[in-house]
Every structure is written in structure tokens, then in C-alpha cells.
file final.pdb (PDB, C-alpha atoms)
ATOM      1  CA  MET G   1    -164.240 190.690  52.209  1.00  0.00           C
ATOM      2  CA  LYS G   2    -166.965 189.609  49.802  1.00  0.00           C
ATOM      3  CA  GLN G   3    -169.666 191.058  52.058  1.00  0.00           C
ATOM      4  CA  LEU G   4    -167.747 194.332  52.418  1.00  0.00           C
ATOM      5  CA  ILE G   5    -167.536 194.714  48.641  1.00  0.00           C
ATOM      6  CA  PHE G   6    -171.246 193.885  48.311  1.00  0.00           C
ATOM      7  CA  ASN G   7    -172.126 196.506  50.938  1.00  0.00           C
ATOM      8  CA  ILE G   8    -170.047 199.191  49.235  1.00  0.00           C
ATOM      9  CA  LEU G   9    -171.580 198.391  45.863  1.00  0.00           C
ATOM     10  CA  ALA G  10    -175.090 198.350  47.364  1.00  0.00           C
ATOM     11  CA  PHE G  11    -174.494 201.817  48.831  1.00  0.00           C
ATOM     12  CA  PHE G  12    -173.449 203.279  45.464  1.00  0.00           C
ATOM     13  CA  TYR G  13    -176.155 201.342  43.598  1.00  0.00           C
ATOM     14  CA  LYS G  14    -179.079 203.254  45.155  1.00  0.00           C
ATOM     15  CA  PRO G  15    -179.133 206.135  42.609  1.00  0.00           C
ATOM     16  CA  PHE G  16    -178.955 203.636  39.731  1.00  0.00           C
ATOM     17  CA  SER G  17    -181.522 201.145  41.043  1.00  0.00           C
ATOM     18  CA  LYS G  18    -184.290 202.314  38.722  1.00  0.00           C
ATOM     19  CA  MET G  19    -182.003 202.187  35.654  1.00  0.00           C
ATOM     20  CA  MET G  20    -180.442 198.716  35.899  1.00  0.00           C
ATOM     21  CA  PRO G  21    -180.429 195.491  37.887  1.00  0.00           C
ATOM     22  CA  PHE G  22    -177.907 195.183  40.726  1.00  0.00           C
ATOM     23  CA  GLN G  23    -176.001 192.480  38.835  1.00  0.00           C
ATOM     24  CA  THR G  24    -175.443 194.822  35.875  1.00  0.00           C
ATOM     25  CA  PHE G  25    -174.246 197.551  38.242  1.00  0.00           C
ATOM     26  CA  ARG G  26    -171.857 195.092  39.905  1.00  0.00           C
ATOM     27  CA  TYR G  27    -170.529 194.105  36.464  1.00  0.00           C
ATOM     28  CA  ILE G  28    -169.940 197.739  35.494  1.00  0.00           C
ATOM     29  CA  ALA G  29    -168.297 198.598  38.824  1.00  0.00           C
ATOM     30  CA  CYS G  30    -166.079 195.513  38.982  1.00  0.00           C
ATOM     31  CA  GLY G  31    -165.184 195.655  35.301  1.00  0.00           C
ATOM     32  CA  GLY G  32    -164.451 199.369  35.495  1.00  0.00           C
ATOM     33  CA  GLY G  33    -162.294 198.882  38.576  1.00  0.00           C
ATOM     34  CA  ASN G  34    -160.405 196.013  36.960  1.00  0.00           C
ATOM     35  CA  THR G  35    -159.900 198.038  33.775  1.00  0.00           C
ATOM     36  CA  LEU G  36    -158.549 200.927  35.851  1.00  0.00           C
ATOM     37  CA  LEU G  37    -156.193 198.514  37.631  1.00  0.00           C
ATOM     38  CA  ASP G  38    -155.015 197.138  34.273  1.00  0.00           C
ATOM     39  CA  PHE G  39    -154.447 200.618  32.834  1.00  0.00           C
ATOM     40  CA  THR G  40    -152.584 201.781  35.955  1.00  0.00           C
ATOM     41  CA  LEU G  41    -150.332 198.721  35.982  1.00  0.00           C
ATOM     42  CA  PHE G  42    -149.664 199.122  32.271  1.00  0.00           C
ATOM     43  CA  SER G  43    -148.722 202.784  32.703  1.00  0.00           C
ATOM     44  CA  ILE G  44    -146.451 202.206  35.701  1.00  0.00           C
ATOM     45  CA  THR G  45    -144.771 199.219  34.099  1.00  0.00           C
ATOM     46  CA  ASN G  46    -144.297 200.805  30.667  1.00  0.00           C
ATOM     47  CA  TYR G  47    -143.258 204.321  31.670  1.00  0.00           C
ATOM     48  CA  ILE G  48    -141.607 203.898  35.092  1.00  0.00           C
ATOM     49  CA  ILE G  49    -140.279 200.350  35.371  1.00  0.00           C
ATOM     50  CA  PHE G  50    -139.343 199.627  31.751  1.00  0.00           C
ATOM     51  CA  LYS G  51    -138.868 203.322  30.841  1.00  0.00           C
ATOM     52  CA  GLU G  52    -140.071 202.646  27.284  1.00  0.00           C
ATOM     53  CA  GLN G  53    -136.916 200.618  26.577  1.00  0.00           C
ATOM     54  CA  LEU G  54    -136.607 197.163  25.091  1.00  0.00           C
ATOM     55  CA  VAL G  55    -137.145 194.385  27.627  1.00  0.00           C
ATOM     56  CA  ARG G  56    -134.556 191.655  27.198  1.00  0.00           C
ATOM     57  CA  LEU G  57    -135.369 188.223  28.566  1.00  0.00           C
ATOM     58  CA  PRO G  58    -133.232 185.072  28.135  1.00  0.00           C
ATOM     59  CA  PHE G  59    -135.207 183.845  25.106  1.00  0.00           C
ATOM     60  CA  ILE G  60    -136.916 186.938  23.711  1.00  0.00           C
ATOM     61  CA  THR G  61    -136.646 190.691  23.463  1.00  0.00           C
ATOM     62  CA  MET G  62    -139.837 192.711  23.389  1.00  0.00           C
ATOM     63  CA  THR G  63    -140.904 196.326  23.377  1.00  0.00           C
ATOM     64  CA  SER G  64    -141.800 197.866  26.705  1.00  0.00           C
ATOM     65  CA  HIS G  65    -145.466 198.313  25.827  1.00  0.00           C
ATOM     66  CA  ILE G  66    -145.889 194.628  24.955  1.00  0.00           C
ATOM     67  CA  ALA G  67    -144.076 193.582  28.145  1.00  0.00           C
ATOM     68  CA  ALA G  68    -146.244 196.010  30.122  1.00  0.00           C
ATOM     69  CA  VAL G  69    -149.398 194.522  28.589  1.00  0.00           C
ATOM     70  CA  LEU G  70    -148.262 191.070  29.733  1.00  0.00           C
ATOM     71  CA  VAL G  71    -147.464 192.260  33.273  1.00  0.00           C
ATOM     72  CA  ALA G  72    -150.808 194.071  33.590  1.00  0.00           C
ATOM     73  CA  PHE G  73    -152.666 191.088  32.118  1.00  0.00           C
ATOM     74  CA  ALA G  74    -150.991 188.751  34.640  1.00  0.00           C
ATOM     75  CA  VAL G  75    -152.682 190.751  37.417  1.00  0.00           C
ATOM     76  CA  SER G  76    -155.958 191.879  35.813  1.00  0.00           C
ATOM     77  CA  PHE G  77    -156.871 188.453  34.399  1.00  0.00           C
ATOM     78  CA  PRO G  78    -157.106 186.666  37.788  1.00  0.00           C
ATOM     79  CA  THR G  79    -158.649 189.675  39.538  1.00  0.00           C
ATOM     80  CA  GLY G  80    -161.244 189.962  36.768  1.00  0.00           C
ATOM     81  CA  PHE G  81    -162.091 186.284  37.061  1.00  0.00           C
ATOM     82  CA  LEU G  82    -162.350 186.424  40.877  1.00  0.00           C
ATOM     83  CA  LEU G  83    -164.507 189.565  40.848  1.00  0.00           C
ATOM     84  CA  ASN G  84    -166.846 188.026  38.283  1.00  0.00           C
ATOM     85  CA  LYS G  85    -166.994 184.683  40.094  1.00  0.00           C
ATOM     86  CA  TYR G  86    -167.536 185.951  43.633  1.00  0.00           C
ATOM     87  CA  ILE G  87    -169.109 189.413  43.234  1.00  0.00           C
ATOM     88  CA  VAL G  88    -170.884 189.769  39.891  1.00  0.00           C
ATOM     89  CA  PHE G  89    -172.104 186.254  39.120  1.00  0.00           C
ATOM     90  CA  SER G  90    -171.994 184.748  42.610  1.00  0.00           C
ATOM     91  CA  ASP G  91    -175.215 182.805  42.037  1.00  0.00           C
ATOM     92  CA  SER G  92    -173.567 180.574  39.416  1.00  0.00           C
ATOM     93  CA  ASN G  93    -173.446 176.939  40.463  1.00  0.00           C
ATOM     94  CA  LEU G  94    -170.955 175.752  37.832  1.00  0.00           C
ATOM     95  CA  ARG G  95    -167.684 174.286  39.107  1.00  0.00           C
ATOM     96  CA  GLY G  96    -164.828 176.755  39.452  1.00  0.00           C
ATOM     97  CA  ARG G  97    -162.560 175.080  36.906  1.00  0.00           C
ATOM     98  CA  VAL G  98    -165.387 175.022  34.350  1.00  0.00           C
ATOM     99  CA  GLN G  99    -165.883 178.740  34.930  1.00  0.00           C
ATOM    100  CA  LEU G 100    -162.144 179.368  34.576  1.00  0.00           C
ATOM    101  CA  VAL G 101    -161.866 177.482  31.274  1.00  0.00           C
ATOM    102  CA  ARG G 102    -164.894 179.327  29.930  1.00  0.00           C
ATOM    103  CA  TYR G 103    -163.448 182.642  31.156  1.00  0.00           C
ATOM    104  CA  VAL G 104    -160.184 181.950  29.283  1.00  0.00           C
ATOM    105  CA  ILE G 105    -162.180 181.240  26.114  1.00  0.00           C
ATOM    106  CA  LEU G 106    -164.193 184.431  26.602  1.00  0.00           C
ATOM    107  CA  VAL G 107    -161.091 186.569  27.137  1.00  0.00           C
ATOM    108  CA  ALA G 108    -159.558 185.146  23.935  1.00  0.00           C
ATOM    109  CA  CYS G 109    -162.778 185.911  22.037  1.00  0.00           C
ATOM    110  CA  CYS G 110    -162.847 189.456  23.428  1.00  0.00           C
ATOM    111  CA  LEU G 111    -159.241 190.051  22.347  1.00  0.00           C
ATOM    112  CA  LEU G 112    -160.115 188.849  18.842  1.00  0.00           C
ATOM    113  CA  LEU G 113    -163.314 190.932  18.792  1.00  0.00           C
ATOM    114  CA  ASN G 114    -161.295 194.006  19.868  1.00  0.00           C
ATOM    115  CA  TYR G 115    -158.885 193.477  17.002  1.00  0.00           C
ATOM    116  CA  VAL G 116    -161.605 192.882  14.394  1.00  0.00           C
ATOM    117  CA  CYS G 117    -163.702 195.870  15.495  1.00  0.00           C
ATOM    118  CA  MET G 118    -160.738 198.250  15.534  1.00  0.00           C
ATOM    119  CA  LYS G 119    -159.651 197.078  12.081  1.00  0.00           C
ATOM    120  CA  LEU G 120    -163.203 197.500  10.783  1.00  0.00           C
ATOM    121  CA  PHE G 121    -163.916 200.900  12.324  1.00  0.00           C
ATOM    122  CA  VAL G 122    -160.521 202.511  11.752  1.00  0.00           C
ATOM    123  CA  ASP G 123    -158.994 200.807   8.717  1.00  0.00           C
ATOM    124  CA  VAL G 124    -162.126 199.952   6.701  1.00  0.00           C
ATOM    125  CA  CYS G 125    -164.621 202.658   7.725  1.00  0.00           C
ATOM    126  CA  GLY G 126    -161.990 205.367   8.211  1.00  0.00           C
ATOM    127  CA  LEU G 127    -163.214 206.479  11.648  1.00  0.00           C
ATOM    128  CA  ASP G 128    -160.913 208.244  14.084  1.00  0.00           C
ATOM    129  CA  ALA G 129    -159.131 205.732  16.340  1.00  0.00           C
ATOM    130  CA  MET G 130    -160.697 207.141  19.509  1.00  0.00           C
ATOM    131  CA  ILE G 131    -164.220 206.895  18.071  1.00  0.00           C
ATOM    132  CA  GLY G 132    -163.417 203.374  16.878  1.00  0.00           C
ATOM    133  CA  LYS G 133    -162.167 202.457  20.361  1.00  0.00           C
ATOM    134  CA  VAL G 134    -165.331 203.784  22.036  1.00  0.00           C
ATOM    135  CA  LEU G 135    -167.554 201.826  19.630  1.00  0.00           C
ATOM    136  CA  THR G 136    -165.382 198.753  20.152  1.00  0.00           C
ATOM    137  CA  ILE G 137    -165.637 199.055  23.933  1.00  0.00           C
ATOM    138  CA  ILE G 138    -169.434 199.230  23.729  1.00  0.00           C
ATOM    139  CA  ILE G 139    -169.572 196.113  21.553  1.00  0.00           C
ATOM    140  CA  VAL G 140    -167.005 194.098  23.512  1.00  0.00           C
ATOM    141  CA  VAL G 141    -168.420 194.970  26.942  1.00  0.00           C
ATOM    142  CA  SER G 142    -171.960 194.082  25.801  1.00  0.00           C
ATOM    143  CA  PHE G 143    -170.767 190.803  24.290  1.00  0.00           C
ATOM    144  CA  SER G 144    -168.709 190.032  27.407  1.00  0.00           C
ATOM    145  CA  TYR G 145    -171.570 190.680  29.841  1.00  0.00           C
ATOM    146  CA  ILE G 146    -174.064 188.553  27.912  1.00  0.00           C
ATOM    147  CA  THR G 147    -171.538 185.756  27.394  1.00  0.00           C
ATOM    148  CA  GLN G 148    -170.454 185.712  31.019  1.00  0.00           C
ATOM    149  CA  LYS G 149    -174.040 185.682  32.245  1.00  0.00           C
ATOM    150  CA  LYS G 150    -175.267 183.013  29.801  1.00  0.00           C
ATOM    151  CA  PHE G 151    -172.115 180.878  29.403  1.00  0.00           C
ATOM    152  CA  THR G 152    -169.155 181.447  31.718  1.00  0.00           C
ATOM    153  CA  PHE G 153    -171.032 181.953  35.010  1.00  0.00           C
ATOM    154  CA  LYS G 154    -174.502 180.695  34.108  1.00  0.00           C
ATOM    155  CA  VAL G 155    -176.777 179.190  36.700  1.00  0.00           C
ATOM    156  CA  LYS G 156    -177.211 175.530  35.893  1.00  0.00           C
ATOM    157  CA  VAL G 157    -180.803 174.395  36.429  1.00  0.00           C
ATOM    158  CA  GLU G 158    -180.884 171.323  38.647  1.00  0.00           C
ATOM    159  CA  PRO G 159    -183.393 168.605  37.651  1.00  0.00           C
TER     160      PRO G 159
END
call {"tool": "encode", "arguments": {"input": "final.pdb", "output": "C-alpha cells"}}
result
Amino acid sequence: MKQLIFNILAFFYKPFSKMMPFQTFRYIACGGGNTLLDFTLFSITNYIIFKEQLVRLPFITMTSHIAAVLVAFAVSFPTGFLLNKYIVFSDSNLRGRVQLVRYVILVACCLLLNYVCMKLFVDVCGLDAMIGKVLTIIIVVSFSYITQKKFTFKVKVEP
């Protein structure tokens, strides 16, 4: 399966080969696909399954959009980790559990960075929410790529 995904990505990479390294293209493709999966799951869960009604569980009641975020996250978090581990940063020689712990830390940082950037751009600077979201995406994706490459899935130099 890994080789099939690599071959598909290599095929679509050809027009972009002069613009970016293959690893960056793999990151964009895998991240974009995982984001699309997350958005699709969120939409289906929020609008079709929960029908924008309160979701009542034994110990908590939550709005449908929060419950949908949790359902989508439960799928997109492991798929994102697996795509990054085996497709994007496959040359990393760190142990899997080390990568997973670092990935959890990175995801938490990205959630916080999303919140801070949106507050800054929309509430402090007065930008339109959509413009603020686009700027936030650019910042968070750049931070995430660099952090994953240099920290989460880095290649450990053997002595």
C-alpha cells in the first residue's frame, strides 16, 4: 500500500518537481487529503448523523458541532500520524512511540496556534474571519511542516 501511494504521488509530482522537493509535495498532498477527510467527516457527522441537535451522552451533553469535531478528530488524528510517519517522513529513524508522543505535542501546539492567530487577526486586527483563517492556515501549516521535519519525524544521526 505504501508503494502504491508513493507511485501515485510521484506521478502527480512531475509538474511540481522544479518548484519543491518531493517530501514537501508529499506533505501537501497527504495533509490536504487528511484535511479533506476531516472536513468531510465533520460535515457528515454534524449535518446528517447529529442533525445539528444536542448530543447527549451519559456524563455530558454537547453541541453537534463539538461532537462532530471529536468524531472527525478521532479518525483524522491517526490517519495524519500514519501518513506522516510512513509516507511523508519515512526516512525518520526515531522510534514510533517517540514520534507519536511528539506528534501529540505538535497537534496540541497547532490547536493553540490556531486559536491565538484567529484571535489576533480577527479580534485584535479586525480582519474578516475568512482572511484571518487563510493567514492562520499559512502560519500553522508552515510551523507544522518545519516542526514535523525537525522534531517529530527527524532523522537521528547515528554516531
call {"tool": "resolve_selection", "arguments": {"input": "final.pdb", "expression": "the PyMOL selection byres ((chain G and resi 34) around 12)", "output": "compact mmCIF listing (two decimals) with C-alpha atoms, in the coordinates of the input"}}
result
# COMPACT_ATOMS: atom_id res chain seq x y z
CA ARG G 26 -171.86 195.09 39.90
CA TYR G 27 -170.53 194.10 36.46
CA ILE G 28 -169.94 197.74 35.49
CA ALA G 29 -168.30 198.60 38.82
CA CYS G 30 -166.08 195.51 38.98
CA GLY G 31 -165.18 195.66 35.30
CA GLY G 32 -164.45 199.37 35.49
CA GLY G 33 -162.29 198.88 38.58
CA THR G 35 -159.90 198.04 33.78
CA LEU G 36 -158.55 200.93 35.85
CA LEU G 37 -156.19 198.51 37.63
CA ASP G 38 -155.01 197.14 34.27
CA PHE G 39 -154.45 200.62 32.83
CA THR G 40 -152.58 201.78 35.96
CA LEU G 41 -150.33 198.72 35.98
CA ALA G 72 -150.81 194.07 33.59
CA PHE G 73 -152.67 191.09 32.12
CA VAL G 75 -152.68 190.75 37.42
CA SER G 76 -155.96 191.88 35.81
CA PHE G 77 -156.87 188.45 34.40
CA PRO G 78 -157.11 186.67 37.79
CA THR G 79 -158.65 189.68 39.54
CA GLY G 80 -161.24 189.96 36.77
CA PHE G 81 -162.09 186.28 37.06
CA LEU G 82 -162.35 186.42 40.88
CA LEU G 83 -164.51 189.56 40.85
CA ASN G 84 -166.85 188.03 38.28
call {"tool": "residues_around", "arguments": {"input": "final.pdb", "residues": "Phe22 (chain G)", "least_positions_apart": "5", "cutoff": "12 Å", "atoms": "only C-alpha atoms", "output": "list in words"}}
result
Phe6, Asn7, Leu9, Ala10, Phe11, Phe12, Tyr13, Lys14, Pro15, Phe16, Ser17, Tyr27, Ile28, Ala29, Cys30, Ile87, Val88 and Phe89 of chain G
call {"tool": "resolve_selection", "arguments": {"input": "final.pdb", "expression": "the PyMOL selection byres ((chain G and resi 105-110) around 9)", "output": "JSON, numbers by chain"}}
result
{"G": [77, 100, 101, 102, 103, 104, 111, 112, 113, 114, 115, 140, 141, 143, 144, 147, 148, 152]}
call {"tool": "atom_distance", "arguments": {"input": "final.pdb", "atom1": "CA of Ser90 (chain G)", "atom2": "CA of Ser142 (chain G)"}}
result
19.2 Å
call {"tool": "atom_distance", "arguments": {"input": "final.pdb", "atom1": "CA of Lys149 (chain G)", "atom2": "CA of Arg97 (chain G)"}}
result
16.3 Å
call {"tool": "atom_distance", "arguments": {"input": "final.pdb", "atom1": "CA of Arg95 (chain G)", "atom2": "CA of Phe153 (chain G)"}}
result
9.3 Å
call {"tool": "residues_around", "arguments": {"input": "final.pdb", "residues": "region 42-50 of chain G", "least_positions_apart": "4", "cutoff": "9 Å", "atoms": "only C-alpha atoms", "output": "list in words"}}
result
Leu37, Asp38, Leu54, Val55, Ser64, His65, Ile66, Ala67, Ala68, Val69, Leu70, Val71, Ala72 and Phe73 of chain G
call {"tool": "resolve_selection", "arguments": {"input": "final.pdb", "expression": "the PyMOL selection byres ((chain G and resi 94) around 7)", "output": "count of residues only"}}
result
9
call {"tool": "residues_around", "arguments": {"input": "final.pdb", "residues": "Lys133 (chain G)", "least_positions_apart": "3", "cutoff": "12 Å", "atoms": "only C-alpha atoms", "output": "ChimeraX atom specification"}}
result
/G:113-122,127-130,136-141
call {"tool": "build_atoms", "arguments": {"input": "final.pdb", "residues": "region 123-149 of chain G", "atoms": "N, CA and C atoms", "output": "short mmCIF file (atom, residue, chain, number, x, y, z; two decimals), in the coordinates of the input"}}
result
data_model
loop_
_atom_site.label_atom_id
_atom_site.label_comp_id
_atom_site.auth_asym_id
_atom_site.auth_seq_id
_atom_site.Cartn_x
_atom_site.Cartn_y
_atom_site.Cartn_z
N ASP G 123 -159.62 201.06 10.01
CA ASP G 123 -158.99 200.81 8.72
C ASP G 123 -159.99 200.72 7.56
N VAL G 124 -161.15 200.12 7.79
CA VAL G 124 -162.13 199.95 6.70
C VAL G 124 -163.07 201.16 6.60
N CYS G 125 -163.65 201.56 7.74
CA CYS G 125 -164.62 202.66 7.72
C CYS G 125 -163.97 204.04 7.79
N GLY G 126 -162.70 204.09 8.17
CA GLY G 126 -161.99 205.37 8.21
C GLY G 126 -162.33 206.26 9.39
N LEU G 127 -162.89 205.68 10.46
CA LEU G 127 -163.21 206.48 11.65
C LEU G 127 -161.95 206.82 12.42
N ASP G 128 -162.01 207.88 13.19
CA ASP G 128 -160.91 208.24 14.08
C ASP G 128 -160.70 207.09 15.07
N ALA G 129 -159.45 206.86 15.46
CA ALA G 129 -159.13 205.73 16.34
C ALA G 129 -159.87 205.82 17.67
N MET G 130 -160.01 207.00 18.23
CA MET G 130 -160.70 207.14 19.51
C MET G 130 -162.18 206.79 19.38
N ILE G 131 -162.81 207.24 18.30
CA ILE G 131 -164.22 206.90 18.07
C ILE G 131 -164.34 205.38 17.85
N GLY G 132 -163.42 204.82 17.09
CA GLY G 132 -163.42 203.37 16.88
C GLY G 132 -163.24 202.61 18.18
N LYS G 133 -162.39 203.12 19.07
CA LYS G 133 -162.17 202.46 20.36
C LYS G 133 -163.42 202.52 21.22
N VAL G 134 -164.10 203.66 21.24
CA VAL G 134 -165.33 203.78 22.04
C VAL G 134 -166.40 202.82 21.52
N LEU G 135 -166.58 202.76 20.21
CA LEU G 135 -167.55 201.83 19.63
C LEU G 135 -167.16 200.38 19.93
N THR G 136 -165.88 200.10 19.86
CA THR G 136 -165.38 198.75 20.15
C THR G 136 -165.64 198.38 21.60
N ILE G 137 -165.39 199.31 22.51
CA ILE G 137 -165.64 199.06 23.93
C ILE G 137 -167.10 198.72 24.17
N ILE G 138 -167.99 199.47 23.56
CA ILE G 138 -169.43 199.23 23.73
C ILE G 138 -169.79 197.82 23.25
N ILE G 139 -169.28 197.44 22.11
CA ILE G 139 -169.57 196.11 21.55
C ILE G 139 -168.97 195.01 22.41
N VAL G 140 -167.70 195.15 22.76
CA VAL G 140 -167.00 194.10 23.51
C VAL G 140 -167.58 193.94 24.92
N VAL G 141 -167.86 195.05 25.59
CA VAL G 141 -168.42 194.97 26.94
C VAL G 141 -169.81 194.33 26.91
N SER G 142 -170.63 194.69 25.93
CA SER G 142 -171.96 194.08 25.80
C SER G 142 -171.85 192.58 25.53
N PHE G 143 -170.99 192.22 24.59
CA PHE G 143 -170.77 190.80 24.29
C PHE G 143 -170.26 190.06 25.52
N SER G 144 -169.31 190.66 26.23
CA SER G 144 -168.71 190.03 27.41
C SER G 144 -169.74 189.81 28.51
N TYR G 145 -170.56 190.81 28.78
CA TYR G 145 -171.57 190.68 29.84
C TYR G 145 -172.56 189.56 29.52
N ILE G 146 -173.07 189.57 28.31
CA ILE G 146 -174.06 188.55 27.91
C ILE G 146 -173.43 187.16 27.95
N THR G 147 -172.22 187.04 27.43
CA THR G 147 -171.54 185.76 27.39
C THR G 147 -171.22 185.25 28.79
N GLN G 148 -170.76 186.14 29.65
CA GLN G 148 -170.45 185.71 31.02
C GLN G 148 -171.71 185.28 31.75
N LYS G 149 -172.78 186.01 31.56
CA LYS G 149 -174.04 185.68 32.24
C LYS G 149 -174.64 184.37 31.72
#
